[in-house]
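Have a look at run-v4.txt below; it lists compact mmCIF, C-alpha atoms.
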# COMPACT_ATOMS: atom_id res chain seq x y z
CA MET A 1 -13.31 -12.35 -6.24
CA ALA A 2 -15.76 -9.58 -7.00
CA ALA A 3 -16.40 -8.79 -10.66
CA ASN A 4 -16.31 -5.07 -9.97
CA PRO A 5 -13.07 -3.81 -11.57
CA MET A 6 -12.71 -1.09 -8.94
CA SER A 7 -12.95 -3.38 -5.91
CA GLN A 8 -9.22 -4.14 -6.19
CA PHE A 9 -8.48 -0.59 -5.03
CA GLU A 10 -10.47 -0.88 -1.83
CA VAL A 11 -8.58 -0.04 1.34
CA TYR A 12 -9.69 -1.97 4.40
CA SER A 13 -8.13 -2.23 7.82
CA ILE A 14 -6.59 -5.46 8.95
CA GLY A 15 -5.93 -6.09 12.61
CA PRO A 16 -7.15 -3.95 15.47
CA LYS A 17 -8.64 -0.51 15.03
CA ILE A 18 -6.31 2.22 16.24
CA GLN A 19 -7.78 5.65 16.76
CA ILE A 20 -5.72 8.63 17.87
CA GLY A 21 -7.72 11.81 18.17
CA SER A 22 -9.80 12.07 15.02
CA PHE A 23 -7.28 10.08 12.96
CA ASP A 24 -7.91 6.48 12.05
CA LEU A 25 -4.44 4.96 12.21
CA SER A 26 -5.47 1.33 11.70
CA PHE A 27 -3.11 -0.92 9.81
CA THR A 28 -4.62 -1.35 6.35
CA ASN A 29 -3.87 -3.56 3.38
CA SER A 30 -2.23 -0.49 1.85
CA SER A 31 0.12 -0.19 4.82
CA LEU A 32 0.81 -3.91 4.61
CA PHE A 33 1.98 -3.60 1.02
CA MET A 34 4.11 -0.56 1.81
CA VAL A 35 5.80 -2.54 4.57
CA LEU A 36 6.15 -5.45 2.16
CA THR A 37 7.72 -3.17 -0.47
CA VAL A 38 10.28 -1.82 1.95
CA SER A 39 11.12 -5.28 3.28
CA VAL A 40 11.49 -6.75 -0.21
CA ILE A 41 13.93 -4.00 -1.15
CA SER A 42 15.88 -4.26 2.10
CA LEU A 43 16.06 -8.07 2.09
CA PHE A 44 17.08 -8.11 -1.55
CA PHE A 45 19.89 -5.61 -1.05
CA ILE A 46 21.10 -7.31 2.14
CA ALA A 47 21.16 -10.67 0.37
CA ALA A 48 22.74 -9.24 -2.78
CA THR A 49 25.59 -7.52 -0.99
CA GLN A 50 26.25 -10.39 1.41
CA LYS A 51 29.11 -11.84 -0.62
CA LYS A 52 30.84 -8.95 -2.31
CA SER A 53 32.81 -10.57 -5.08
CA LEU A 54 34.73 -8.88 -7.86
CA VAL A 55 32.88 -11.00 -10.42
CA PRO A 56 29.30 -10.55 -9.24
CA ASN A 57 26.72 -13.29 -9.11
CA LYS A 58 23.21 -12.70 -10.48
CA MET A 59 21.76 -10.97 -7.44
CA GLN A 60 24.75 -8.73 -6.92
CA LEU A 61 24.62 -7.88 -10.60
CA ILE A 62 21.00 -6.73 -10.36
CA ALA A 63 21.76 -4.67 -7.27
CA GLU A 64 24.74 -3.05 -8.96
CA MET A 65 22.69 -2.38 -12.08
CA ALA A 66 20.02 -0.59 -10.06
CA PHE A 67 22.74 1.38 -8.31
CA GLU A 68 24.49 2.39 -11.53
CA PHE A 69 21.24 3.14 -13.32
CA VAL A 70 20.19 5.69 -10.71
CA SER A 71 23.70 7.05 -10.40
CA LYS A 72 23.88 7.65 -14.15
CA MET A 73 20.44 9.20 -14.17
CA ILE A 74 21.45 11.70 -11.48
CA SER A 75 24.72 12.69 -13.08
CA GLU A 76 23.06 13.12 -16.48
CA THR A 77 20.13 15.23 -15.36
CA ALA A 78 21.20 17.01 -12.18
CA GLY A 79 24.98 17.09 -12.43
CA LYS A 80 27.68 16.69 -9.81
CA ASP A 81 26.03 18.80 -7.13
CA ALA A 82 23.21 16.29 -6.77
CA ARG A 83 25.50 13.49 -5.57
CA PRO A 84 24.53 13.92 -1.88
CA TYR A 85 20.91 13.22 -2.80
CA PHE A 86 21.72 9.87 -4.38
CA PRO A 87 20.42 7.75 -1.43
CA PHE A 88 17.12 9.59 -1.46
CA ILE A 89 16.55 9.20 -5.18
CA LEU A 90 17.65 5.56 -5.16
CA SER A 91 15.18 4.73 -2.37
CA LEU A 92 12.44 6.72 -4.08
CA PHE A 93 13.00 4.94 -7.39
CA LEU A 94 13.14 1.52 -5.77
CA PHE A 95 10.08 2.15 -3.61
CA VAL A 96 7.92 3.19 -6.54
CA LEU A 97 9.30 0.44 -8.78
CA VAL A 98 8.84 -2.38 -6.28
CA ALA A 99 5.42 -1.10 -5.21
CA ASN A 100 4.36 -1.11 -8.87
CA LEU A 101 5.79 -4.55 -9.48
CA LEU A 102 4.26 -6.05 -6.32
CA GLY A 103 0.92 -4.72 -7.55
CA MET A 104 1.31 -6.88 -10.66
CA LEU A 105 1.00 -10.05 -8.57
CA PRO A 106 -2.51 -11.55 -8.58
CA TYR A 107 -4.62 -10.74 -5.49
CA SER A 108 -2.17 -8.09 -4.39
CA PHE A 109 -2.76 -4.40 -3.76
CA THR A 110 -1.11 -1.59 -5.72
CA VAL A 111 0.02 1.08 -3.30
CA THR A 112 0.76 3.60 -6.05
CA SER A 113 -2.77 3.38 -7.50
CA HIS A 114 -4.00 5.72 -4.79
CA ILE A 115 -3.62 9.45 -5.38
CA ILE A 116 -3.01 10.17 -1.71
CA VAL A 117 0.06 7.91 -1.64
CA THR A 118 1.62 9.37 -4.77
CA PHE A 119 0.65 12.88 -3.76
CA ALA A 120 2.27 12.47 -0.36
CA LEU A 121 5.49 11.34 -2.07
CA ALA A 122 5.35 14.18 -4.59
CA PHE A 123 4.49 16.77 -1.97
CA PHE A 124 7.45 15.87 0.22
CA ILE A 125 9.70 16.03 -2.84
CA PHE A 126 8.26 19.45 -3.65
CA VAL A 127 8.81 20.78 -0.12
CA GLY A 128 12.27 19.23 0.03
CA VAL A 129 13.38 20.66 -3.31
CA THR A 130 12.07 24.10 -2.36
CA LEU A 131 13.96 23.97 0.94
CA VAL A 132 17.13 22.88 -0.87
CA GLY A 133 16.73 25.77 -3.30
CA PHE A 134 16.29 28.35 -0.55
CA ALA A 135 19.08 26.89 1.57
CA ARG A 136 21.48 27.08 -1.36
CA HIS A 137 20.54 30.38 -2.96
CA GLY A 138 18.73 32.20 -0.20
CA ILE A 139 16.17 34.74 -1.30
CA SER A 140 17.63 34.83 -4.82
CA TYR A 141 16.03 31.43 -5.40
CA LEU A 142 12.94 33.49 -6.27
CA LYS A 143 14.76 34.45 -9.47
CA LEU A 144 13.52 31.09 -10.69
CA PHE A 145 10.21 32.80 -11.30
CA VAL A 146 11.75 35.64 -13.30
CA PRO A 147 13.17 34.39 -16.59
CA SER A 148 15.79 36.64 -18.16
CA GLY A 149 15.14 38.62 -21.32
CA VAL A 150 11.46 39.28 -20.72
CA PRO A 151 10.10 42.78 -21.51
CA ILE A 152 9.12 44.63 -18.36
CA PHE A 153 5.42 44.99 -19.19
CA LEU A 154 5.08 41.20 -19.54
CA LEU A 155 6.80 40.51 -16.24
CA PRO A 156 3.70 40.38 -13.96
CA LEU A 157 2.03 37.89 -16.29
CA ILE A 158 5.17 35.76 -16.61
CA ILE A 159 5.71 35.66 -12.86
CA VAL A 160 2.16 34.45 -12.25
CA ILE A 161 2.58 31.81 -14.94
CA GLU A 162 5.91 30.66 -13.51
CA VAL A 163 4.46 30.42 -10.00
CA ILE A 164 1.52 28.33 -11.27
CA SER A 165 3.96 26.17 -13.19
CA TYR A 166 6.04 25.64 -10.05
CA LEU A 167 3.02 24.85 -7.88
CA SER A 168 1.62 22.40 -10.41
CA ARG A 169 4.71 20.20 -10.18
CA PRO A 170 3.61 17.97 -7.30
CA VAL A 171 0.16 17.59 -8.85
CA SER A 172 1.43 16.56 -12.26
CA LEU A 173 4.04 14.28 -10.69
CA SER A 174 1.51 12.44 -8.53
CA VAL A 175 -1.40 12.37 -10.98
CA ARG A 176 0.75 10.79 -13.68
CA LEU A 177 1.86 7.86 -11.55
CA PHE A 178 -1.54 7.33 -9.96
CA ALA A 179 -3.49 7.58 -13.24
CA ASN A 180 -1.21 5.20 -15.08
CA MET A 181 -1.33 2.57 -12.37
CA MET A 182 -5.06 2.82 -11.77
CA ALA A 183 -6.02 2.84 -15.46
CA GLY A 184 -3.79 -0.13 -16.22
CA HIS A 185 -5.05 -2.26 -13.36
CA THR A 186 -8.68 -1.42 -14.07
CA MET A 187 -8.22 -2.37 -17.70
CA LEU A 188 -6.61 -5.68 -16.72
CA LYS A 189 -9.53 -6.45 -14.45
CA VAL A 190 -12.10 -5.53 -17.11
CA PHE A 191 -10.50 -7.84 -19.63
CA GLY A 192 -10.29 -10.54 -16.98
CA GLY A 193 -14.03 -10.11 -16.42
CA PHE A 194 -14.63 -10.50 -20.17
CA VAL A 195 -12.80 -13.82 -20.14
CA VAL A 196 -15.14 -15.17 -17.46
CA SER A 197 -18.36 -13.83 -18.97
CA LEU A 198 -17.60 -14.98 -22.55
CA GLY A 199 -16.70 -18.45 -21.34
CA ILE A 200 -14.74 -21.19 -23.05
CA LEU A 201 -15.91 -20.23 -26.56
CA GLY A 202 -15.32 -16.49 -26.81
CA GLY A 203 -13.01 -15.93 -23.89
CA TRP A 204 -9.79 -16.52 -25.76
CA LEU A 205 -9.59 -13.10 -27.39
CA PRO A 206 -9.83 -11.09 -24.14
CA LEU A 207 -7.47 -13.60 -22.56
CA GLY A 208 -4.91 -12.74 -25.23
CA PHE A 209 -5.48 -9.06 -24.57
CA ALA A 210 -5.05 -9.60 -20.85
CA VAL A 211 -1.72 -11.34 -21.44
CA ALA A 212 -0.54 -8.52 -23.71
CA LEU A 213 -1.73 -5.92 -21.20
CA THR A 214 0.18 -7.65 -18.42
CA GLY A 215 3.35 -7.20 -20.43
CA LEU A 216 2.48 -3.58 -21.09
CA GLU A 217 1.76 -3.01 -17.41
CA LEU A 218 5.18 -4.36 -16.45
CA LEU A 219 6.71 -1.82 -18.85
CA VAL A 220 4.52 0.96 -17.44
CA ALA A 221 5.48 -0.03 -13.89
CA PHE A 222 9.12 0.46 -14.77
CA ILE A 223 8.70 3.61 -16.88
CA GLN A 224 6.56 5.35 -14.28
CA ALA A 225 9.08 4.65 -11.53
CA TYR A 226 11.78 5.96 -13.84
CA VAL A 227 9.80 9.09 -14.72
CA PHE A 228 9.08 9.75 -11.06
CA ALA A 229 12.77 9.53 -10.20
CA ILE A 230 14.02 11.49 -13.21
CA LEU A 231 11.57 14.33 -12.63
CA THR A 232 12.78 14.53 -9.05
CA CYS A 233 16.28 14.87 -10.49
CA ILE A 234 15.14 17.60 -12.88
CA TYR A 235 13.46 19.55 -10.08
CA LEU A 236 16.54 19.10 -7.95
CA ASN A 237 18.64 20.39 -10.84
CA ASP A 238 16.48 23.53 -11.02
CA ALA A 239 16.98 24.08 -7.30
CA LEU A 240 20.73 23.43 -7.31
CA ASN A 241 21.80 25.17 -10.51
CA LEU A 242 19.79 28.32 -10.89
CA HIS A 243 20.06 29.15 -14.60
CA HIS A 244 16.94 30.97 -15.57
CA MET B 1 54.81 -15.52 -17.83
CA ALA B 2 56.35 -13.10 -20.19
CA PHE B 3 54.05 -10.87 -22.17
CA LYS B 4 55.23 -9.48 -25.42
CA MET B 5 54.74 -5.76 -26.03
CA LYS B 6 52.84 -6.56 -29.21
CA ASP B 7 50.31 -8.70 -27.36
CA ILE B 8 49.63 -5.95 -24.87
CA LYS B 9 49.11 -3.41 -27.63
CA GLU B 10 46.74 -5.76 -29.39
CA LEU B 11 44.76 -6.27 -26.21
CA ASP B 12 44.67 -2.52 -25.69
CA SER B 13 43.21 -1.86 -29.13
CA LYS B 14 40.66 -4.62 -28.60
CA ILE B 15 39.53 -3.06 -25.34
CA LYS B 16 39.27 0.34 -26.98
CA ASN B 17 37.14 -1.06 -29.79
CA LEU B 18 34.82 -2.82 -27.39
CA SER B 19 34.40 0.22 -25.18
CA LYS B 20 33.49 2.25 -28.26
CA LYS B 21 30.80 -0.29 -29.02
CA THR B 22 29.35 -0.21 -25.53
CA ARG B 23 29.27 3.56 -25.59
CA LYS B 24 27.21 3.38 -28.76
CA VAL B 25 24.69 1.10 -27.06
CA GLU B 26 24.45 3.47 -24.12
CA SER B 27 23.67 6.46 -26.30
CA GLU B 28 20.91 4.49 -28.03
CA SER B 29 19.33 3.59 -24.72
CA SER B 30 18.81 7.27 -23.88
CA SER B 31 15.84 7.27 -26.28
CA SER B 32 13.91 5.39 -23.59
CA SER B 33 14.43 8.35 -21.29
CA SER B 34 12.82 10.66 -23.86
CA LEU B 35 9.88 8.27 -23.88
CA GLY B 36 9.71 8.80 -20.15
CA ILE B 37 9.82 12.57 -20.54
CA ALA B 38 7.19 12.40 -23.27
CA MET B 39 4.81 10.77 -20.79
CA LYS B 40 5.21 13.95 -18.78
CA LEU B 41 3.34 16.00 -21.38
CA SER B 42 -0.27 14.96 -20.86
CA SER B 43 -0.43 15.34 -17.10
CA GLU B 44 1.51 18.60 -17.25
CA MET B 45 -1.35 20.42 -18.96
CA VAL B 46 -4.06 19.02 -16.73
CA ALA B 47 -2.12 19.72 -13.56
CA ALA B 48 -1.45 23.37 -14.42
CA VAL B 49 -5.11 24.07 -15.20
CA PHE B 50 -6.21 22.21 -12.08
CA VAL B 51 -3.83 23.98 -9.71
CA ALA B 52 -4.51 27.42 -11.19
CA SER B 53 -8.27 26.93 -10.99
CA LEU B 54 -7.96 25.77 -7.39
CA ILE B 55 -5.98 28.88 -6.50
CA GLY B 56 -8.59 31.00 -8.27
CA TYR B 57 -11.44 29.30 -6.43
CA TYR B 58 -9.95 29.87 -3.00
CA LEU B 59 -8.88 33.43 -3.83
CA ASP B 60 -12.51 34.11 -4.75
CA LYS B 61 -13.76 32.55 -1.53
CA TRP B 62 -11.32 34.61 0.48
CA LEU B 63 -11.89 37.94 -1.27
CA GLU B 64 -15.57 37.26 -2.10
CA THR B 65 -15.09 38.16 -5.73
CA GLU B 66 -16.71 35.08 -7.30
CA PRO B 67 -16.10 34.17 -10.09
CA PHE B 68 -13.55 36.77 -11.11
CA PHE B 69 -10.28 35.07 -10.11
CA LEU B 70 -11.50 31.60 -11.05
CA ILE B 71 -12.04 32.65 -14.65
CA ILE B 72 -8.77 34.57 -14.95
CA LEU B 73 -6.67 31.87 -13.32
CA PHE B 74 -8.32 29.14 -15.36
CA PHE B 75 -7.03 30.77 -18.54
CA LEU B 76 -3.65 31.51 -16.98
CA GLY B 77 -3.48 27.82 -16.05
CA ALA B 78 -4.21 26.82 -19.62
CA ILE B 79 -1.44 29.14 -20.82
CA THR B 80 0.94 27.65 -18.26
CA GLY B 81 0.05 24.13 -19.33
CA ILE B 82 0.79 24.86 -22.97
CA LEU B 83 4.01 26.63 -22.03
CA ASN B 84 5.10 23.62 -19.97
CA VAL B 85 4.40 21.26 -22.86
CA VAL B 86 6.40 23.47 -25.23
CA ARG B 87 9.30 23.56 -22.73
CA THR B 88 9.28 19.79 -22.28
CA SER B 89 9.30 19.16 -26.00
CA LYS B 90 12.15 21.63 -26.42
CA MET B 91 14.06 19.67 -23.78
CA ILE B 92 13.44 16.43 -25.64
CA ASN B 93 14.60 18.02 -28.90
CA LYS B 94 17.83 19.18 -27.28
CA GLU B 95 18.77 15.65 -26.24
Could you render the structure from this file as structure tokens?
Amino acid sequence: MAANPMSQFEVYSIGPKIQIGSFDLSFTNSSLFMVLTVSVISLFFIAATQKKSLVPNKMQLIAEMAFEFVSKMISETAGKDARPYFPFILSLFLFVLVANLLGMLPYSFTVTSHIIVTFALAFFIFVGVTLVGFARHGISYLKLFVPSGVPIFLLPLIIVIEVISYLSRPVSLSVRLFANMMAGHTMLKVFGGFVVSLGILGGWLPLGFAVALTGLELLVAFIQAYVFAILTCIYLNDALNLHH
Amino acid sequence: MAFKMKDIKELDSKIKNLSKKTRKVESESSSSSSLGIAMKLSSEMVAAVFVASLIGYYLDKWLETEPFFLIILFFLGAITGILNVVRTSKMINKE
């Protein structure tokens, strides 16, 4: 393996080169891990719900926990009206979580460590939430940008600020996930490199750090998936229950 | 099997006690969600400044007023970022 800590983020195509127009649609290692993420989730849930018993076994228990966790998160942050969006948020949460966790395996690729992947997710959430808001409230959804109780001479300034705040949502949502994953994995690789270069005598200290960082990264993988899902709920809440 | 009324009442009170305990645990676990929201803060500021500056840059290109809108929107973005951080921390406080 290369010693360069950034080489783990390299995207290369595997299999034949597919070119449609000016787009390179080749199957890359990134696509492979996205497919892997989706299949892991699907296979796990198919296997877990195979034998639906009243007293669940371990796999069914995990599946039910994931289900209840997301369900509770939605009802706490977005309320009853967000129930129809439960499948979307559950799949979003599981996709990000499993992609993060698969990235923790040695020699694997972390899908969410690329800004374009997280930004695509965040951008579709942004567009979707905006459409939901307009479909539900019509043109009065624009009231979101006009908070109540603001003096009239401040209104132009406040509206500009609110619009910037709204537009910055997908950026902050995607940058957070991407930055956390990339920084963590780079750090792990750097400490791994220290272990090799310091050898059998001095390599123990960075090895200890690497072990501790691995634990931290597992926590970050979970928290970031959670934050991604809960922010989607919060945005959805803003779109469903207009209370500005 | 014949259950006595007393036994059922005892079981009932036991269940109530236990469910009270589990509810306590649940409310404690919500502190991890504030940790999640707290991680929102840092990127919130950067994102607002970034997006506002980007809008300013392209407005300038379009209207050929360089660097008028870039400068104004940069500061508006900074204001927005701080406002977002204040809002998020208010939300955490409320919980």
All residues 12 Å or closer to Phe145 of chain A, only C-alpha atoms, same chain fewer than 2 positions away omitted, as an MDAnalysis selection string: chainID A and resid 139:143 147:148 150 155:167 238:239 242:244
Would you mind listing, for every residue of chain A within 12 Å of chain B, the two atoms forming the shortest contact and the distance between them in Å to one decimal, using all atoms listed in the file, sorted by chain and ascending residue number, as a Markdown table?
| residue | atom | partner | partner_atom | distance |
| --- | --- | --- | --- | --- |
| A:Phe69 | CA | B:Glu26 | CA | 11.3 |
| A:Lys72 | CA | B:Glu26 | CA | 10.8 |
| A:Met73 | CA | B:Ser33 | CA | 9.4 |
| A:Glu76 | CA | B:Ser30 | CA | 10.3 |
| A:Thr77 | CA | B:Ser33 | CA | 10.7 |
| A:Pro156 | CA | B:Leu76 | CA | 11.9 |
| A:Leu157 | CA | B:Leu76 | CA | 8.6 |
| A:Ile158 | CA | B:Thr80 | CA | 9.3 |
| A:Ile159 | CA | B:Thr80 | CA | 10.8 |
| A:Val160 | CA | B:Leu76 | CA | 8.0 |
| A:Ile161 | CA | B:Thr80 | CA | 5.6 |
| A:Glu162 | CA | B:Thr80 | CA | 7.5 |
| A:Val163 | CA | B:Thr80 | CA | 9.4 |
| A:Ile164 | CA | B:Ala52 | CA | 6.1 |
| A:Ser165 | CA | B:Thr80 | CA | 6.1 |
| A:Tyr166 | CA | B:Ala48 | CA | 9.0 |
| A:Leu167 | CA | B:Val51 | CA | 7.1 |
| A:Ser168 | CA | B:Ala48 | CA | 5.1 |
| A:Arg169 | CA | B:Ala47 | CA | 7.6 |
| A:Pro170 | CA | B:Ala47 | CA | 8.7 |
| A:Val171 | CA | B:Ala47 | CA | 5.6 |
| A:Ser172 | CA | B:Ala47 | CA | 4.9 |
| A:Leu173 | CA | B:Ser43 | CA | 7.9 |
| A:Ser174 | CA | B:Ser43 | CA | 9.3 |
| A:Val175 | CA | B:Ser43 | CA | 6.9 |
| A:Arg176 | CA | B:Ser43 | CA | 5.8 |
| A:Leu177 | CA | B:Ser43 | CA | 9.6 |
| A:Phe178 | CA | B:Ser43 | CA | 10.8 |
| A:Ala179 | CA | B:Ser43 | CA | 9.2 |
| A:Asn180 | CA | B:Met39 | CA | 10.0 |
| A:Leu219 | CA | B:Gly36 | CA | 11.1 |
| A:Val220 | CA | B:Gly36 | CA | 9.8 |
| A:Ala221 | CA | B:Gly36 | CA | 11.6 |
| A:Phe222 | CA | B:Gly36 | CA | 9.9 |
| A:Ile223 | CA | B:Gly36 | CA | 6.2 |
| A:Gln224 | CA | B:Gly36 | CA | 7.5 |
| A:Ala225 | CA | B:Gly36 | CA | 9.6 |
| A:Tyr226 | CA | B:Gly36 | CA | 7.2 |
| A:Val227 | CA | B:Gly36 | CA | 5.4 |
| A:Phe228 | CA | B:Gly36 | CA | 9.2 |
| A:Ala229 | CA | B:Gly36 | CA | 10.4 |
| A:Ile230 | CA | B:Ile37 | CA | 8.5 |
| A:Leu231 | CA | B:Ile37 | CA | 8.3 |
| A:Ile234 | CA | B:Ile37 | CA | 10.6 |
Residues within 8 Å of Thr37 of chain A, only C-alpha atoms, excluding chain neighbours under 3 positions, as a VMD selection string: chain A and resid 33 to 34 40 to 41 95 98 to 99 102
Å distance separating atom CA of Ser42 of chain A from atom CA of Thr130 of chain A, one decimal place: 29.0 Å
Generate N, CA and C atoms for segment 75-92 of chain B and emit them as an mmCIF file, in the frame of the given file.
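Okay, result_19.cif is ready:
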data_model
loop_
_atom_site.group_PDB
_atom_site.id
_atom_site.type_symbol
_atom_site.label_atom_id
_atom_site.label_comp_id
_atom_site.auth_asym_id
_atom_site.auth_seq_id
_atom_site.Cartn_x
_atom_site.Cartn_y
_atom_site.Cartn_z
ATOM 1 N N PHE B 75 -7.707 30.529 -17.253
ATOM 2 C CA PHE B 75 -7.030 30.770 -18.540
ATOM 3 C C PHE B 75 -5.519 30.864 -18.358
ATOM 4 N N LEU B 76 -5.094 31.473 -17.246
ATOM 5 C CA LEU B 76 -3.650 31.510 -16.980
ATOM 6 C C LEU B 76 -3.102 30.089 -16.831
ATOM 7 N N GLY B 77 -3.890 29.217 -16.196
ATOM 8 C CA GLY B 77 -3.480 27.820 -16.050
ATOM 9 C C GLY B 77 -3.344 27.136 -17.384
ATOM 10 N N ALA B 78 -4.289 27.407 -18.284
ATOM 11 C CA ALA B 78 -4.210 26.820 -19.620
ATOM 12 C C ALA B 78 -2.957 27.289 -20.334
ATOM 13 N N ILE B 79 -2.660 28.601 -20.204
ATOM 14 C CA ILE B 79 -1.440 29.140 -20.820
ATOM 15 C C ILE B 79 -0.207 28.435 -20.250
ATOM 16 N N THR B 80 -0.192 28.300 -18.916
ATOM 17 C CA THR B 80 0.940 27.650 -18.260
ATOM 18 C C THR B 80 1.115 26.221 -18.749
ATOM 19 N N GLY B 81 -0.017 25.512 -18.868
ATOM 20 C CA GLY B 81 0.050 24.130 -19.330
ATOM 21 C C GLY B 81 0.674 24.027 -20.696
ATOM 22 N N ILE B 82 0.236 24.898 -21.612
ATOM 23 C CA ILE B 82 0.790 24.860 -22.970
ATOM 24 C C ILE B 82 2.269 25.221 -22.952
ATOM 25 N N LEU B 83 2.607 26.219 -22.136
ATOM 26 C CA LEU B 83 4.010 26.630 -22.030
ATOM 27 C C LEU B 83 4.873 25.480 -21.519
ATOM 28 N N ASN B 84 4.353 24.749 -20.518
ATOM 29 C CA ASN B 84 5.100 23.620 -19.970
ATOM 30 C C ASN B 84 5.310 22.537 -21.021
ATOM 31 N N VAL B 85 4.272 22.287 -21.815
ATOM 32 C CA VAL B 85 4.400 21.260 -22.860
ATOM 33 C C VAL B 85 5.457 21.681 -23.874
ATOM 34 N N VAL B 86 5.416 22.975 -24.259
ATOM 35 C CA VAL B 86 6.400 23.470 -25.230
ATOM 36 C C VAL B 86 7.818 23.319 -24.662
ATOM 37 N N ARG B 87 7.977 23.659 -23.369
ATOM 38 C CA ARG B 87 9.300 23.560 -22.730
ATOM 39 C C ARG B 87 9.794 22.121 -22.721
ATOM 40 N N THR B 88 8.884 21.194 -22.349
ATOM 41 C CA THR B 88 9.280 19.790 -22.280
ATOM 42 C C THR B 88 9.690 19.281 -23.643
ATOM 43 N N SER B 89 8.933 19.665 -24.677
ATOM 44 C CA SER B 89 9.300 19.160 -26.000
ATOM 45 C C SER B 89 10.599 19.779 -26.475
ATOM 46 N N LYS B 90 10.860 21.021 -26.076
ATOM 47 C CA LYS B 90 12.150 21.630 -26.420
ATOM 48 C C LYS B 90 13.292 20.852 -25.772
ATOM 49 N N MET B 91 13.047 20.432 -24.506
ATOM 50 C CA MET B 91 14.060 19.670 -23.780
ATOM 51 C C MET B 91 14.332 18.336 -24.474
ATOM 52 N N ILE B 92 13.258 17.710 -24.952
ATOM 53 C CA ILE B 92 13.440 16.430 -25.640
ATOM 54 C C ILE B 92 14.221 16.642 -26.934
#
